[in-house]
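File shown: work_12.txt. Contents: compact mmCIF, C-alpha atoms.
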```txt
# COMPACT_ATOMS: atom_id res chain seq x y z
CA MET P 381 -63.14 -51.20 81.46
CA ALA P 382 -60.99 -48.41 79.99
CA ILE P 383 -57.84 -48.35 77.94
CA GLN P 384 -54.57 -48.17 79.83
CA ARG P 385 -52.62 -45.96 77.37
CA MET P 386 -51.86 -45.47 73.71
CA ASP P 387 -48.96 -47.84 73.06
CA ASN P 388 -47.78 -46.73 69.61
CA VAL P 389 -48.70 -45.42 66.18
CA GLY P 390 -47.79 -47.65 63.24
CA ILE P 391 -46.49 -46.26 59.96
CA VAL P 392 -45.73 -48.38 56.89
CA VAL P 393 -42.67 -47.20 54.95
CA ASP P 394 -40.64 -48.27 51.93
CA ASP P 395 -37.23 -47.22 53.24
CA LEU P 396 -37.00 -48.26 56.88
CA ASP P 397 -33.46 -46.95 57.38
CA ALA P 398 -34.37 -43.49 56.03
CA ALA P 399 -37.47 -43.32 58.25
CA VAL P 400 -35.48 -44.36 61.34
CA ALA P 401 -32.77 -41.78 60.54
CA PHE P 402 -35.42 -39.04 60.17
CA PHE P 403 -37.08 -39.76 63.50
CA VAL P 404 -33.76 -40.24 65.33
CA GLU P 405 -32.63 -36.84 63.99
CA LEU P 406 -35.91 -35.42 65.30
CA GLY P 407 -34.85 -36.63 68.75
CA MET P 408 -36.53 -40.01 69.09
CA GLU P 409 -34.56 -43.00 70.35
CA LEU P 410 -34.34 -46.31 68.53
CA GLU P 411 -35.79 -48.85 70.94
CA GLY P 412 -35.18 -51.86 68.73
CA ARG P 413 -35.69 -53.65 65.44
CA ALA P 414 -37.33 -56.97 64.70
CA GLU P 415 -38.39 -59.21 61.86
CA ILE P 416 -42.05 -60.22 62.03
CA GLU P 417 -43.69 -63.14 60.23
CA GLY P 418 -45.91 -66.13 60.79
CA LEU P 419 -49.44 -67.02 61.79
CA VAL P 420 -49.78 -64.40 64.54
CA ALA P 421 -48.76 -61.61 62.14
CA ASP P 422 -51.13 -62.92 59.46
CA ARG P 423 -54.04 -63.19 61.86
CA CYS P 424 -53.48 -59.81 63.48
CA THR P 425 -53.19 -57.91 60.16
CA GLY P 426 -55.74 -59.91 58.17
CA LEU P 427 -53.09 -60.48 55.47
CA ASP P 428 -51.56 -63.74 54.23
CA GLY P 429 -47.83 -64.37 54.23
CA VAL P 430 -46.79 -61.38 56.31
CA HIS P 431 -43.05 -60.85 56.50
CA CYS P 432 -41.94 -57.41 57.61
CA ASP P 433 -39.15 -55.59 59.34
CA ILE P 434 -40.07 -53.17 62.09
CA ALA P 435 -38.25 -50.53 64.07
CA MET P 436 -39.67 -49.05 67.25
CA VAL P 437 -38.67 -45.47 68.10
CA ARG P 438 -39.70 -43.66 71.27
CA THR P 439 -39.76 -40.14 72.55
CA PRO P 440 -37.07 -39.23 75.11
CA ASP P 441 -39.65 -39.26 77.93
CA GLY P 442 -40.50 -42.88 77.06
CA HIS P 443 -44.26 -42.21 76.85
CA SER P 444 -44.83 -42.27 73.07
CA ARG P 445 -43.68 -44.61 70.31
CA LEU P 446 -43.83 -45.02 66.56
CA GLU P 447 -43.63 -48.47 65.00
CA LEU P 448 -42.11 -48.14 61.55
CA ALA P 449 -42.77 -51.19 59.35
CA ARG P 450 -41.39 -52.22 55.97
CA TYR P 451 -43.34 -55.07 54.38
CA ARG P 452 -41.36 -57.65 52.43
CA THR P 453 -44.55 -59.64 51.77
CA PRO P 454 -47.19 -58.90 50.90
CA GLU P 455 -45.71 -55.87 49.16
CA ALA P 456 -46.94 -52.54 50.52
CA THR P 457 -49.45 -50.75 48.34
CA SER P 458 -50.46 -47.13 48.03
CA ALA P 459 -53.73 -45.87 46.63
CA ASP P 460 -52.68 -42.25 46.99
CA PRO P 461 -49.64 -40.17 46.08
CA ARG P 462 -47.09 -39.54 48.84
CA ASP P 463 -47.60 -35.79 48.64
CA ARG P 464 -51.21 -35.87 49.81
CA PRO P 465 -52.58 -32.61 51.17
CA HIS P 466 -53.18 -32.33 54.89
CA ASN P 467 -56.99 -32.42 54.62
CA ILE P 468 -57.43 -35.92 53.10
CA LEU P 469 -59.88 -38.07 55.06
CA GLY P 470 -58.13 -40.59 57.29
CA THR P 471 -54.78 -38.88 56.92
CA HIS P 472 -53.39 -36.41 59.36
CA ARG P 473 -50.11 -36.05 61.17
CA VAL P 474 -48.02 -36.94 64.19
CA MET P 475 -47.24 -33.87 66.38
CA PHE P 476 -44.12 -33.41 68.48
CA ALA P 477 -43.24 -30.75 71.05
CA VAL P 478 -39.75 -29.37 70.33
CA ASP P 479 -37.39 -26.95 72.09
CA ASP P 480 -36.36 -24.97 68.99
CA ILE P 481 -38.58 -25.27 65.91
CA GLU P 482 -36.22 -23.52 63.49
CA ASP P 483 -33.26 -25.67 64.52
CA THR P 484 -35.40 -28.81 64.27
CA VAL P 485 -36.55 -27.96 60.74
CA ALA P 486 -32.95 -27.20 59.71
CA ARG P 487 -31.73 -30.55 61.10
CA LEU P 488 -34.52 -32.48 59.35
CA ARG P 489 -34.02 -30.91 55.90
CA PRO P 490 -31.02 -33.15 55.03
CA HIS P 491 -33.33 -36.11 55.80
CA GLY P 492 -35.87 -34.94 53.21
CA ALA P 493 -38.13 -32.75 55.36
CA GLN P 494 -40.03 -30.05 53.49
CA LEU P 495 -42.17 -27.38 55.14
CA LEU P 496 -45.80 -27.63 53.99
CA GLY P 497 -46.25 -23.90 54.50
CA GLY P 498 -44.21 -21.94 56.97
CA ILE P 499 -43.64 -21.54 60.68
CA ALA P 500 -46.73 -19.91 62.17
CA ARG P 501 -47.19 -18.14 65.49
CA PHE P 502 -50.31 -19.05 67.48
CA GLU P 503 -51.01 -16.08 69.71
CA ASP P 504 -48.22 -15.77 72.28
CA SER P 505 -48.32 -19.49 73.00
CA TYR P 506 -46.71 -21.56 70.23
CA LEU P 507 -44.72 -21.62 67.03
CA LEU P 508 -46.19 -24.34 64.82
CA CYS P 509 -45.40 -25.96 61.48
CA TYR P 510 -45.96 -29.10 59.46
CA VAL P 511 -43.16 -30.82 57.56
CA ARG P 512 -43.42 -33.68 55.13
CA GLY P 513 -40.85 -36.35 55.91
CA PRO P 514 -39.92 -39.68 54.33
CA GLU P 515 -42.72 -41.65 52.67
CA GLY P 516 -44.87 -38.50 52.70
CA ILE P 517 -45.38 -38.67 56.47
CA ILE P 518 -46.64 -35.34 57.81
CA VAL P 519 -45.01 -34.36 61.10
CA GLY P 520 -46.24 -31.43 63.17
CA LEU P 521 -43.78 -29.47 65.29
CA ALA P 522 -44.77 -27.22 68.19
CA GLU P 523 -42.47 -24.94 70.17
CA GLN P 524 -44.05 -23.49 73.29
CA LEU P 525 -43.20 -19.82 73.75
CA HIS P 526 -42.15 -18.64 77.19
CA GLY P 527 -42.97 -15.11 78.30
```

Can the structure in the file be given as structure tokens, please?
Amino acid sequence: MAIQRMDNVGIVVDDLDAAVAFFVELGMELEGRAEIEGLVADRCTGLDGVHCDIAMVRTPDGHSRLELARYRTPEATSADPRDRPHNILGTHRVMFAVDDIEDTVARLRPHGAQLLGGIARFEDSYLLCYVRGPEGIIVGLAEQLHG
């Protein structure tokens, strides 16, 4: 038996509205919001008293999703600072293909995006960069070069 697909990537945030606004500005579409609590949530997460708000955003092609979650209870915790470097074990990034990397970075800046380095050219194939968004989330952007 094999997996069917990757359904979504979950990210816990403090400010759900800011995270949704960031990813919508990136070009994702808000699929919906929900309030989650009860025995199923407790059992699935291994936590007691789960009560959280979630927002599901999807890529325009409908194939990829992020589930953004804000925990009311138990309160979200963080063992690390939000400005973690890219090479921390267990931490990486979510990568998106974009049409215009410079325009995308410019549109995300008012939503708190900061370039980790700069926009780099990989051979004659791609322009690439990493930005840090809300909650310290690292987002990779890739613009495929044509001709």

Exercise for the section: May I ask which of the residues P:Gly407, P:Arg512, P:Gly497, P:Pro465 is the closest one to P:Ala477, counting only C-alpha atoms? Expected result: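 Closest candidate: P:Gly407.
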
Practice task
Between atom CA of P:Ala493 and atom CA of P:Arg385, measure the distance and give it in Å to one decimal.
Solution key: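 Calculated distance between atom CA of P:Ala493 and atom CA of P:Arg385 is 29.5 Å.
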
Problem - Distance query stretch 501-504 of chain P at most 7 Å, only C-alpha atoms, self and fewer than 3 positions along chain excluded, as a ChimeraX atom specification - result: /P:507-508,525

Test item: which residues lie within 8 Å of (-45.4, -43.8, 78.9) counting all atoms listed in the file, as a PDB file with C-alpha atoms, in the frame of the given file:
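Dumped to part_2.pdb:
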```pdb
ATOM      1  CA  ARG P 385     -52.620 -45.960  77.370  1.00  0.00           C
ATOM      2  CA  ASP P 387     -48.960 -47.840  73.060  1.00  0.00           C
ATOM      3  CA  ASP P 441     -39.650 -39.260  77.930  1.00  0.00           C
ATOM      4  CA  GLY P 442     -40.500 -42.880  77.060  1.00  0.00           C
ATOM      5  CA  HIS P 443     -44.260 -42.210  76.850  1.00  0.00           C
ATOM      6  CA  SER P 444     -44.830 -42.270  73.070  1.00  0.00           C
TER       7      SER P 444
END
```

Exercise for the section: To one decimal in Å, tell me the separation between atom CA of P:Thr457 and atom CA of P:Val400. Expected result: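 According to the coordinates, atom CA of P:Thr457 and atom CA of P:Val400 are separated by 20.1 Å.
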
Problem - Residues within 7 Å of stretch 485-492 of chain P, only C-alpha atoms, excluding chain neighbours under 4 positions, as number ranges by chain - result: P: 402, 405-406, 481, 513-514

Once you have the residues from the selection above, write them out as a PDB file, in the frame of the given file, restricted to C-alpha atoms.
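Dumped everything to result32.pdb:
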```
ATOM      1  CA  PHE P 402     -35.420 -39.040  60.170  1.00  0.00           C
ATOM      2  CA  GLU P 405     -32.630 -36.840  63.990  1.00  0.00           C
ATOM      3  CA  LEU P 406     -35.910 -35.420  65.300  1.00  0.00           C
ATOM      4  CA  ILE P 481     -38.580 -25.270  65.910  1.00  0.00           C
ATOM      5  CA  GLY P 513     -40.850 -36.350  55.910  1.00  0.00           C
ATOM      6  CA  PRO P 514     -39.920 -39.680  54.330  1.00  0.00           C
TER       7      PRO P 514
END
```

Exercise for the section: Would you list the contacts of stretch 427-431 of chain P as an MDAnalysis selection string, taking every protein, DNA or RNA residue within 8 Å and counting only C-alpha atoms, but skipping same-chain residues closer than 5 positions in sequence? Expected result: chainID P and resid 415:418 421:422 451:454

Fill in the blank from the handout: Correct to one decimal, the distance atom CA of P:Asn467-atom CA of P:Ala398 is 25.2 Å
